[in-house]
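Below is protein00.txt, holding compact mmCIF, C-alpha atoms.
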```txt
# COMPACT_ATOMS: atom_id res chain seq x y z
CA MET V 1 -21.38 37.07 -33.34
CA GLU V 2 -21.72 33.78 -31.47
CA ASN V 3 -24.61 35.07 -29.36
CA GLU V 4 -26.38 36.25 -32.53
CA ILE V 5 -26.08 32.74 -33.98
CA ILE V 6 -27.49 31.30 -30.74
CA ARG V 7 -30.43 33.74 -30.90
CA ASN V 8 -31.15 32.75 -34.50
CA LEU V 9 -31.04 29.05 -33.62
CA LEU V 10 -33.34 29.58 -30.63
CA GLU V 11 -35.82 31.28 -32.98
CA ALA V 12 -35.58 28.27 -35.28
CA LEU V 13 -36.33 25.98 -32.31
CA GLU V 14 -39.54 27.87 -31.65
CA PHE V 15 -40.79 26.61 -35.02
CA SER V 16 -39.21 23.17 -34.58
CA PRO V 17 -39.19 22.37 -30.83
CA ASP V 18 -38.67 18.62 -31.36
CA ASN V 19 -35.46 19.07 -33.35
CA ILE V 20 -33.10 17.25 -30.93
CA PRO V 21 -29.84 17.70 -32.92
CA LEU V 22 -30.46 21.43 -33.27
CA ARG V 23 -31.24 21.85 -29.57
CA LEU V 24 -28.06 19.96 -28.66
CA GLN V 25 -26.07 22.19 -30.98
CA VAL V 26 -27.49 25.27 -29.29
CA ALA V 27 -26.73 23.89 -25.83
CA ASP V 28 -23.14 23.07 -26.81
CA MET V 29 -22.66 26.59 -28.16
CA MET V 30 -24.03 28.02 -24.91
CA MET V 31 -21.46 25.98 -22.96
CA LYS V 32 -18.67 27.46 -25.07
CA GLU V 33 -20.04 30.92 -24.32
CA ARG V 34 -20.15 30.03 -20.62
CA LEU V 35 -23.93 30.41 -20.56
CA TYR V 36 -24.05 27.37 -18.28
CA GLU V 37 -27.51 27.88 -16.81
CA ASP V 38 -29.07 28.45 -20.24
CA ALA V 39 -27.26 25.40 -21.58
CA ALA V 40 -28.58 23.29 -18.70
CA LYS V 41 -32.14 24.25 -19.62
CA GLN V 42 -31.60 23.14 -23.21
CA TYR V 43 -30.03 19.83 -22.18
CA GLN V 44 -32.91 19.23 -19.80
CA LEU V 45 -35.45 19.90 -22.57
CA VAL V 46 -33.70 17.26 -24.69
CA LEU V 47 -33.83 14.78 -21.83
CA ASP V 48 -37.52 15.53 -21.28
CA LYS V 49 -38.18 14.54 -24.87
CA GLN V 50 -35.55 11.79 -25.15
CA TYR V 51 -34.74 10.28 -21.77
CA GLY V 52 -31.25 8.80 -21.54
CA ASN V 53 -29.70 10.85 -24.33
CA SER V 54 -26.01 10.49 -23.41
CA ARG V 55 -24.86 13.71 -25.04
CA ALA V 56 -27.51 15.74 -23.23
CA SER V 57 -26.76 13.97 -19.93
CA ALA V 58 -23.04 14.63 -20.24
CA GLY V 59 -23.71 18.26 -21.14
CA LEU V 60 -26.05 18.66 -18.18
CA ALA V 61 -23.46 17.19 -15.83
CA ALA V 62 -20.79 19.52 -17.25
CA SER V 63 -23.05 22.51 -16.73
CA TYR V 64 -23.59 21.45 -13.11
CA TYR V 65 -19.82 21.16 -12.64
CA GLN V 66 -19.21 24.61 -14.09
CA ARG V 67 -21.78 26.05 -11.69
CA GLN V 68 -20.04 24.26 -8.78
CA LYS V 69 -22.98 21.91 -8.26
CA TYR V 70 -20.63 18.96 -7.88
CA SER V 71 -23.04 16.57 -6.17
CA ALA V 72 -25.59 17.04 -8.93
CA ALA V 73 -22.87 16.48 -11.55
CA ILE V 74 -21.82 13.23 -9.86
CA VAL V 75 -25.39 11.92 -9.85
CA VAL V 76 -25.70 12.47 -13.61
CA TYR V 77 -22.24 11.07 -14.37
CA GLU V 78 -23.06 7.92 -12.38
CA GLN V 79 -26.10 7.35 -14.60
CA ILE V 80 -24.03 7.43 -17.79
CA ALA V 81 -20.70 6.11 -16.46
CA GLY V 82 -20.29 3.61 -19.29
CA GLY V 83 -20.45 6.11 -22.14
CA LEU V 84 -18.26 8.98 -21.01
CA THR V 85 -15.73 10.68 -23.26
CA LYS V 86 -12.27 11.52 -21.93
CA ASP V 87 -13.36 15.09 -21.16
CA ASP V 88 -16.45 13.79 -19.37
CA GLN V 89 -14.31 11.43 -17.28
CA VAL V 90 -12.01 14.29 -16.29
CA LEU V 91 -14.92 16.43 -15.05
CA TYR V 92 -16.38 13.38 -13.27
CA ILE V 93 -13.10 12.81 -11.43
CA LYS V 94 -12.79 16.51 -10.57
CA SER V 95 -16.35 16.51 -9.22
CA LEU V 96 -15.49 13.57 -6.97
CA VAL V 97 -12.38 15.35 -5.76
CA LYS V 98 -14.41 18.46 -4.97
CA GLU V 99 -16.81 16.33 -2.94
CA ASN V 100 -13.85 14.63 -1.22
CA SER V 101 -14.70 11.18 -2.64
CA ILE V 102 -11.00 10.48 -3.05
CA GLU V 103 -11.07 6.68 -3.23
CA GLN V 104 -13.65 6.69 -6.03
CA ALA V 105 -11.73 9.44 -7.80
CA ILE V 106 -8.52 7.39 -7.65
CA ALA V 107 -10.28 4.31 -9.04
CA LEU V 108 -11.71 6.27 -11.96
CA TYR V 109 -8.39 7.99 -12.61
CA GLN V 110 -6.71 4.59 -12.83
CA GLU V 111 -9.24 3.57 -15.47
CA LEU V 112 -8.71 6.81 -17.38
CA LEU V 113 -4.94 6.38 -17.34
CA GLY V 114 -5.37 2.81 -18.50
CA GLN V 115 -7.06 4.21 -21.62
CA TYR V 116 -4.81 7.27 -22.00
CA PRO V 117 -1.42 6.48 -20.38
CA ASP V 118 0.12 9.86 -21.26
CA PHE V 119 -2.74 11.91 -19.83
CA THR V 120 -1.88 14.43 -17.12
CA ASP V 121 -3.90 17.11 -15.35
CA ASP V 122 -2.29 19.37 -12.77
CA GLU V 123 -5.45 19.81 -10.72
CA ILE V 124 -6.17 16.08 -10.49
CA ASP V 125 -2.53 15.14 -10.01
CA THR V 126 -2.17 17.59 -7.15
CA ALA V 127 -5.38 16.44 -5.48
CA LEU V 128 -4.49 12.77 -5.74
CA ARG V 129 -0.87 13.37 -4.76
CA MET V 130 0.61 12.04 -8.00
CA PRO V 131 3.89 13.67 -9.02
CA SER V 132 4.15 14.53 -12.67
CA SER V 133 6.25 12.19 -14.78
CA GLY V 134 8.95 14.85 -14.94
CA ASP V 135 9.08 15.03 -11.15
CA MET V 136 9.40 11.25 -11.00
CA ASP V 137 12.23 11.31 -13.53
CA ASP V 138 14.03 13.91 -11.45
CA LEU V 139 13.45 11.86 -8.34
CA PHE V 140 14.90 8.68 -9.78
CA ASP V 141 17.77 10.54 -11.44
CA GLY V 142 18.61 11.77 -7.95
CA ILE V 143 18.41 8.26 -6.56
CA GLU V 144 20.72 6.97 -9.25
CA ASN V 145 23.34 9.58 -8.49
CA SER V 146 23.13 9.69 -4.70
CA ASP V 147 23.80 7.04 -2.06
CA ASP V 148 21.75 8.94 0.49
CA ALA V 149 18.69 9.63 -1.62
CA TYR V 150 15.08 9.19 -0.71
CA PHE V 151 14.16 5.89 0.95
CA MET V 152 17.52 4.09 0.88
CA GLU V 153 19.46 3.51 4.07
CA LYS V 154 22.30 1.40 5.41
CA PRO V 155 21.16 -0.18 8.68
CA THR V 156 23.48 -0.89 11.58
CA THR V 157 21.05 -3.41 13.12
CA ARG V 158 22.34 -6.99 13.15
CA PHE V 159 20.82 -10.40 13.88
CA ALA V 160 22.32 -10.18 17.37
CA ASP V 161 19.98 -7.24 18.00
CA VAL V 162 16.91 -9.34 17.17
CA GLY V 163 15.57 -11.36 20.08
CA GLY V 164 14.57 -14.95 19.29
CA MET V 165 13.53 -15.77 15.71
CA SER V 166 16.21 -18.48 15.42
CA LYS V 167 14.40 -20.37 12.63
CA VAL V 168 13.72 -17.17 10.69
CA LYS V 169 17.38 -16.15 10.96
CA GLU V 170 18.50 -19.60 9.82
CA GLU V 171 16.23 -19.53 6.76
CA ILE V 172 17.35 -16.03 5.79
CA ALA V 173 20.99 -16.98 6.31
CA ILE V 174 20.87 -19.98 3.96
CA LYS V 175 18.79 -18.18 1.33
CA ILE V 176 20.34 -14.71 1.40
CA ILE V 177 23.38 -14.22 3.61
CA GLN V 178 25.53 -17.29 2.96
CA PRO V 179 25.30 -17.07 -0.87
CA LEU V 180 26.85 -13.61 -0.60
CA LYS V 181 29.55 -14.68 1.84
CA ASN V 182 30.37 -17.93 -0.01
CA PRO V 183 29.56 -17.23 -3.66
CA GLU V 184 31.86 -19.90 -5.12
CA LEU V 185 30.41 -22.68 -2.96
CA PHE V 186 26.86 -21.77 -3.88
CA LYS V 187 27.81 -21.33 -7.52
CA ALA V 188 29.10 -24.93 -7.54
CA PHE V 189 25.58 -26.03 -6.60
CA GLY V 190 23.99 -23.74 -9.19
CA LYS V 191 22.75 -21.26 -6.61
CA LYS V 192 22.91 -17.50 -7.10
CA SER V 193 22.82 -14.78 -4.48
CA GLY V 194 19.41 -13.20 -4.43
CA GLY V 195 15.85 -14.37 -4.55
CA GLY V 196 12.80 -13.74 -2.47
CA ILE V 197 11.49 -14.56 1.00
CA LEU V 198 7.95 -13.87 2.12
CA LEU V 199 7.55 -13.29 5.85
CA TYR V 200 4.09 -13.75 7.29
CA GLY V 201 2.51 -13.69 10.70
CA PRO V 202 0.52 -11.50 13.07
CA PRO V 203 1.22 -7.75 13.05
CA GLY V 204 3.81 -6.26 15.37
CA CYS V 205 6.08 -9.32 15.55
CA GLY V 206 9.19 -7.86 13.95
CA LYS V 207 8.95 -8.64 10.24
CA THR V 208 10.29 -5.22 9.26
CA PHE V 209 12.93 -5.38 11.99
CA ILE V 210 14.33 -8.73 10.81
CA ALA V 211 14.38 -7.46 7.21
CA LYS V 212 16.41 -4.43 8.28
CA ALA V 213 18.72 -6.64 10.35
CA THR V 214 19.29 -8.79 7.26
CA ALA V 215 20.63 -5.78 5.41
CA GLY V 216 22.78 -4.86 8.40
CA GLU V 217 24.15 -8.39 8.63
CA ILE V 218 25.62 -8.21 5.12
CA ASP V 219 26.40 -4.46 5.16
CA ALA V 220 23.91 -3.92 2.34
CA ARG V 221 21.68 -1.03 1.45
CA PHE V 222 18.04 -1.31 2.55
CA ILE V 223 15.03 -0.01 0.64
CA ASN V 224 11.70 -0.13 2.46
CA ILE V 225 8.67 0.16 0.18
CA GLY V 226 5.01 0.25 1.20
CA LEU V 227 3.17 -0.97 -1.88
CA HIS V 228 -0.02 0.80 -0.86
CA ASP V 229 2.00 4.04 -1.03
CA ILE V 230 3.03 3.28 -4.60
CA LEU V 231 -0.53 2.57 -5.64
CA ASP V 232 -2.07 5.57 -3.86
CA MET V 233 0.55 8.24 -4.43
CA TRP V 234 1.96 7.33 -7.81
CA ILE V 235 -1.27 6.38 -9.46
CA GLY V 236 -0.81 5.92 -13.17
CA ASN V 237 2.96 5.74 -12.92
CA SER V 238 2.98 2.60 -10.76
CA GLU V 239 4.53 0.24 -13.32
CA LYS V 240 7.28 2.69 -14.18
CA ASN V 241 8.02 3.39 -10.54
CA LEU V 242 8.20 -0.28 -9.65
CA HIS V 243 10.70 -0.82 -12.43
CA GLU V 244 12.79 2.16 -11.30
CA ILE V 245 12.80 0.91 -7.69
CA PHE V 246 14.11 -2.48 -8.81
CA GLU V 247 16.65 -0.76 -11.05
CA MET V 248 17.80 1.32 -8.11
CA ALA V 249 18.31 -1.87 -6.10
CA ARG V 250 20.24 -3.45 -8.99
CA ARG V 251 22.50 -0.40 -9.18
CA ASN V 252 23.31 -0.68 -5.48
CA LYS V 253 24.02 -4.39 -5.04
CA PRO V 254 24.07 -6.01 -2.59
CA CYS V 255 20.73 -4.51 -1.68
CA VAL V 256 17.80 -5.69 0.42
CA LEU V 257 14.53 -4.61 -1.16
CA PHE V 258 11.73 -4.89 1.39
CA PHE V 259 8.06 -4.74 0.41
CA ASP V 260 5.72 -4.26 3.34
CA GLU V 261 2.05 -5.29 3.17
CA VAL V 262 2.69 -7.11 -0.09
CA ASP V 263 -0.89 -8.39 -0.04
CA ALA V 264 -1.86 -4.85 -1.10
CA MET V 265 -0.43 -5.76 -4.48
CA GLY V 266 -0.43 -9.53 -4.36
CA ALA V 267 -4.17 -9.99 -4.08
CA SER V 268 -5.51 -12.69 -6.34
CA ARG V 269 -5.58 -11.25 -9.83
CA SER V 270 -8.89 -12.95 -10.54
CA ASP V 271 -10.44 -10.78 -7.82
CA LEU V 272 -9.28 -7.53 -9.38
CA LYS V 273 -11.81 -5.70 -11.49
CA GLN V 274 -9.49 -2.91 -12.55
CA SER V 275 -7.20 -3.78 -15.43
CA ALA V 276 -4.80 -1.03 -14.32
CA MET V 277 -4.13 -2.91 -11.09
CA ARG V 278 -3.55 -6.15 -12.94
CA HIS V 279 -0.91 -4.39 -15.05
CA VAL V 280 0.89 -3.31 -11.89
CA ILE V 281 0.87 -6.86 -10.51
CA ASN V 282 2.18 -8.27 -13.77
CA GLN V 283 4.95 -5.68 -13.74
CA PHE V 284 5.88 -6.70 -10.20
CA LEU V 285 6.02 -10.38 -11.19
CA ALA V 286 8.21 -9.54 -14.20
CA GLU V 287 10.61 -7.63 -11.94
CA LEU V 288 10.78 -10.55 -9.51
CA ASP V 289 11.63 -12.86 -12.40
CA GLY V 290 14.38 -10.52 -13.57
CA ALA V 291 13.21 -11.26 -17.11
CA GLU V 292 14.95 -8.22 -18.61
CA SER V 293 17.48 -7.51 -15.85
CA ASN V 294 19.83 -9.42 -13.57
CA ASN V 295 18.55 -9.72 -10.00
CA ASP V 296 21.75 -11.41 -8.79
CA GLY V 297 22.64 -9.66 -5.54
CA VAL V 298 19.18 -8.12 -5.11
CA LEU V 299 17.70 -9.67 -2.00
CA ILE V 300 13.94 -9.36 -1.94
CA LEU V 301 12.01 -9.65 1.30
CA ALA V 302 8.29 -9.07 1.66
CA ALA V 303 5.94 -9.09 4.60
CA THR V 304 2.25 -9.73 4.94
CA ASN V 305 -0.26 -10.24 7.71
CA ALA V 306 -2.55 -12.04 5.25
CA PRO V 307 -0.65 -14.67 3.23
CA TRP V 308 -3.97 -16.19 2.12
CA SER V 309 -4.65 -12.99 0.16
CA VAL V 310 -1.42 -13.23 -1.85
CA ASP V 311 -1.73 -14.54 -5.41
CA ALA V 312 -0.20 -18.01 -5.84
CA ALA V 313 1.84 -16.64 -8.75
CA PHE V 314 3.97 -14.76 -6.21
CA ARG V 315 5.02 -18.06 -4.62
CA ARG V 316 6.43 -19.71 -7.73
CA PRO V 317 10.13 -20.71 -7.80
CA GLY V 318 12.39 -17.73 -8.38
CA ARG V 319 9.91 -15.32 -6.81
CA PHE V 320 8.94 -15.63 -3.14
CA ASP V 321 9.83 -19.31 -3.08
CA ARG V 322 10.69 -19.35 0.62
CA ILE V 323 7.77 -18.54 2.92
CA ILE V 324 8.56 -18.11 6.61
CA PHE V 325 6.19 -17.83 9.55
CA VAL V 326 7.18 -15.07 11.99
CA ALA V 327 5.57 -16.06 15.26
CA PRO V 328 5.10 -13.87 18.32
CA PRO V 329 8.33 -13.77 20.37
CA ASP V 330 8.94 -16.72 22.68
CA GLU V 331 9.59 -16.24 26.39
CA PRO V 332 13.37 -15.61 26.19
CA ALA V 333 12.81 -13.22 23.28
CA ARG V 334 10.10 -11.38 25.22
CA GLU V 335 12.51 -10.92 28.12
CA ASP V 336 15.14 -9.51 25.76
CA ILE V 337 12.55 -7.15 24.24
CA LEU V 338 11.42 -5.97 27.67
CA LYS V 339 14.99 -5.26 28.77
CA SER V 340 15.60 -3.31 25.57
CA LEU V 341 12.40 -1.30 25.94
CA LEU V 342 13.09 -0.46 29.59
CA LYS V 343 16.66 0.65 28.93
CA GLY V 344 17.11 4.31 29.77
CA LYS V 345 13.82 4.56 31.70
CA PRO V 346 13.62 5.05 35.50
CA VAL V 347 13.09 1.49 36.80
CA GLU V 348 13.59 -0.44 40.02
CA ALA V 349 13.96 -4.17 40.60
CA ILE V 350 11.89 -5.33 37.63
CA ASP V 351 11.48 -9.09 37.35
CA THR V 352 11.61 -9.33 33.56
CA LYS V 353 11.40 -13.14 33.72
CA LYS V 354 8.07 -12.89 35.52
CA ILE V 355 6.70 -10.38 33.02
CA ALA V 356 7.96 -12.46 30.09
CA ALA V 357 6.25 -15.55 31.52
CA ALA V 358 2.97 -13.63 31.88
CA THR V 359 2.94 -12.31 28.31
CA ALA V 360 2.44 -15.41 26.17
CA ASP V 361 1.14 -14.48 22.68
CA TYR V 362 2.15 -10.84 23.13
CA SER V 363 3.86 -9.30 20.12
CA GLY V 364 6.76 -6.88 20.31
CA ALA V 365 4.29 -4.08 19.61
CA ASP V 366 2.10 -5.33 22.49
CA LEU V 367 5.08 -5.27 24.87
CA THR V 368 5.81 -1.71 23.75
CA ALA V 369 2.20 -0.79 24.56
CA ILE V 370 2.54 -2.27 28.05
CA ILE V 371 5.68 -0.25 28.75
CA ASP V 372 3.94 2.88 27.45
CA ILE V 373 0.91 2.34 29.71
CA ALA V 374 3.13 1.83 32.77
CA SER V 375 5.29 4.84 31.87
CA GLU V 376 2.27 7.13 31.51
CA GLU V 377 0.94 6.03 34.90
CA LYS V 378 4.30 6.60 36.60
CA LEU V 379 4.60 9.98 34.88
CA ARG V 380 1.27 11.07 36.42
CA GLU V 381 2.43 9.81 39.81
CA SER V 382 5.75 11.63 39.45
CA LEU V 383 4.00 14.90 38.61
CA SER V 384 1.73 14.47 41.61
CA LYS V 385 4.54 13.72 44.05
CA GLY V 386 7.07 16.12 42.60
CA SER V 387 9.78 13.51 42.10
CA ILE V 388 10.56 10.68 39.66
CA GLN V 389 8.71 7.51 40.56
CA PRO V 390 10.44 4.50 38.93
CA ILE V 391 8.60 1.71 37.12
CA ASN V 392 8.45 -1.59 38.98
CA THR V 393 7.20 -5.12 38.36
CA LYS V 394 3.78 -4.39 39.85
CA ASP V 395 3.30 -1.48 37.45
CA LEU V 396 3.92 -3.73 34.45
CA LEU V 397 1.60 -6.44 35.76
CA THR V 398 -1.10 -3.79 36.22
CA ALA V 399 -0.53 -2.58 32.66
CA LEU V 400 -0.96 -6.16 31.43
CA LYS V 401 -4.56 -6.09 32.62
CA GLN V 402 -5.26 -3.07 30.42
CA HIS V 403 -3.70 -4.42 27.22
CA LYS V 404 -4.43 -7.93 25.93
CA PRO V 405 -2.38 -9.57 23.14
CA THR V 406 -3.46 -8.34 19.72
CA THR V 407 -2.21 -11.51 18.06
CA LEU V 408 -5.17 -13.57 19.28
CA GLU V 409 -7.55 -12.08 16.71
CA TRP V 410 -5.06 -12.84 13.93
CA PHE V 411 -4.67 -16.44 15.06
CA ALA V 412 -8.45 -16.87 15.16
CA SER V 413 -8.55 -16.17 11.41
CA ALA V 414 -5.28 -17.94 10.61
CA ARG V 415 -6.43 -21.11 12.36
CA ASN V 416 -9.30 -21.53 9.91
CA TYR V 417 -7.02 -21.14 6.89
CA ALA V 418 -4.48 -23.52 8.41
CA LEU V 419 -7.12 -26.17 9.04
CA TYR V 420 -9.25 -25.88 5.92
CA ALA V 421 -7.11 -24.24 3.19
CA ASN V 422 -3.71 -25.85 3.72
CA GLU V 423 -3.42 -28.30 0.84
CA SER V 424 0.26 -27.50 0.21
CA GLY V 425 1.19 -27.43 3.90
CA LEU V 426 1.89 -23.71 3.69
CA TYR V 427 0.38 -23.03 7.12
CA ASP V 428 1.78 -26.02 9.00
CA ASP V 429 3.84 -23.70 11.19
CA ILE V 430 0.65 -22.01 12.39
CA LEU V 431 -0.77 -25.39 13.40
CA LYS V 432 2.46 -26.23 15.24
CA TYR V 433 2.41 -22.90 17.04
CA LEU V 434 -1.18 -23.48 18.09
CA LYS V 435 -0.21 -27.05 19.12
CA ILE V 436 -2.86 -28.50 16.85
CA ARG V 437 -0.26 -30.51 14.98
CA LYS V 438 3.25 -31.64 15.88
```
The structure given in the file should be rewritten as structure tokens.
Amino acid sequence: MENEIIRNLLEALEFSPDNIPLRLQVADMMMKERLYEDAAKQYQLVLDKQYGNSRASAGLAASYYQRQKYSAAIVVYEQIAGGLTKDDQVLYIKSLVKENSIEQAIALYQELLGQYPDFTDDEIDTALRMPSSGDMDDLFDGIENSDDAYFMEKPTTRFADVGGMSKVKEEIAIKIIQPLKNPELFKAFGKKSGGGILLYGPPGCGKTFIAKATAGEIDARFINIGLHDILDMWIGNSEKNLHEIFEMARRNKPCVLFFDEVDAMGASRSDLKQSAMRHVINQFLAELDGAESNNDGVLILAATNAPWSVDAAFRRPGRFDRIIFVAPPDEPAREDILKSLLKGKPVEAIDTKKIAAATADYSGADLTAIIDIASEEKLRESLSKGSIQPINTKDLLTALKQHKPTTLEWFASARNYALYANESGLYDDILKYLKIRK
């Protein structure tokens, strides 16, 4: 019956070829009948007569998608991106997924979910690794009822296990540890246990390690969250998931909640074009404030390699109001790190003091790389000689020539911010480390 109607309408178009509404109606009916190639011809005829017709363009793109011509569909969708219906947006996103343009697909899906928060699509959700809301509910129900669930742990690491970092330990102690150990004293001064500390510095210098040691020091649970994971994997549910993570921490007080790479979320809101991302940031700020919940006993640590990219709103009192520079390990700390890294390996007469003195500006991660380079070389030698050849001081000094400190590039950028964008004195510690200022 439907095909007969299409045939009758096509006959009518022969007598009235410029009838755009009729031709569009025919093309739409062809799409419903899965006559995708015929529909594409009709949409193209409309566009030939009326360039830019959005309905014809969207129909043409849909016909391309249905015929698995995803690149062609994307080209058309890009031309009419501002006037797409929800169904058009879904096919646009699916086309991008098919062409493996995942980042663009994620960005468009965020926009779609901003308009239609309850929208779900199994194919898109699976491709973009977003659990369904039901899965997330099950996940957080499990977290609520289990001490061992998901990303919560109870570290055994203590401050004594962390080499150096005396100033960092002192700041964390007065802000986080002592209020828990001496609640009445701090209460007398109007201070609660909890609050936020932002750790910043070059990568590989132990920011995550000190956060974990903080939890171990007070026998607290530790939750390690990568914000980029939340944004990438839980797209569309980000606000809800952030709230649930904070609620999980509140249910398990005392709890150290650690956000790594916080600049992934804390970028200046004025720089964000996507309203969906701004909503996530505002949710994070509301959770930090504890506006609707009590954060007493929730100890919030965050780390960033780029403090200059973090929105100033994150640094207001009650949020991350203590900002601590985590410098590369000093010489005694480097010696402690080297001894720890060499423990259990075949070694002979290593002068760790000499190596520590030769590794100024090396991060803990850099020292690990040096040990790895020396170990690999001795492994080759051991295989060649048929017996274990232990690592010695010369081996480590040779490895030093192959691996330079990675912190130098970070300090090159940080120096400019410290010199020219330091109105509040936030980066004074960088200047002191670089011996530019006392």
Nearest to Phe325 (chain V) by atom-to-atom distance, counting only C-alpha atoms, from V:Ala62, V:Leu379, V:Ala302, V:Ala286: V:Ala302
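Picture a line from CA of Asp263 (chain V) to CA of Val310 (chain V); it runs 5.2 Å.
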Listing only residues of region 337-407 of chain V within 7 Å of region 188-207 of chain V, what is the closest atom pair and its distance in Å (to one decimal) for each, using only C-alpha atoms, sorted by chain and residue number ascending, as a Markdown table?
```
| residue | atom | partner | partner_atom | distance |
| --- | --- | --- | --- | --- |
| V:Ser363 | CA | V:Cys205 | CA | 5.1 |
| V:Gly364 | CA | V:Cys205 | CA | 5.4 |
| V:Ala365 | CA | V:Gly204 | CA | 4.8 |
| V:Thr407 | CA | V:Pro202 | CA | 5.7 |
```
Residues within 12 Å of Asn53 (chain V), only C-alpha atoms, excluding chain neighbours under 3 positions, as a PyMOL selection string: chain V and resi 20-21+24+43-50+56-60+76+79-80+83
Contacts of Leu22 (chain V) at 12 Å (only C-alpha atoms; same-chain gap of 2+ positions) as number ranges by chain: V: 6, 8-20, 24-29, 42-43, 45-46, 56
Shell of 9 Å around Phe258 (chain V), all atoms listed in the file, local chain residues under 4 positions omitted, as a ChimeraX atom specification: /V:208,211-212,222-226,299-303
Spatial neighbours of Val90 (chain V), max dist 10 Å, all atoms listed in the file, sep filter under 4 positions, as a PyMOL selection string: chain V and resi 84-86+94-96+105+108-109+112+121+124
Top pick for closest residue to Met30 (chain V), considering V:Leu113, V:Ile337, V:Ile5, V:Ala213 and counting only C-alpha atoms: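 Looking only at the distances to Met30 (chain V), the closest residue turns out to be V:Ile5.
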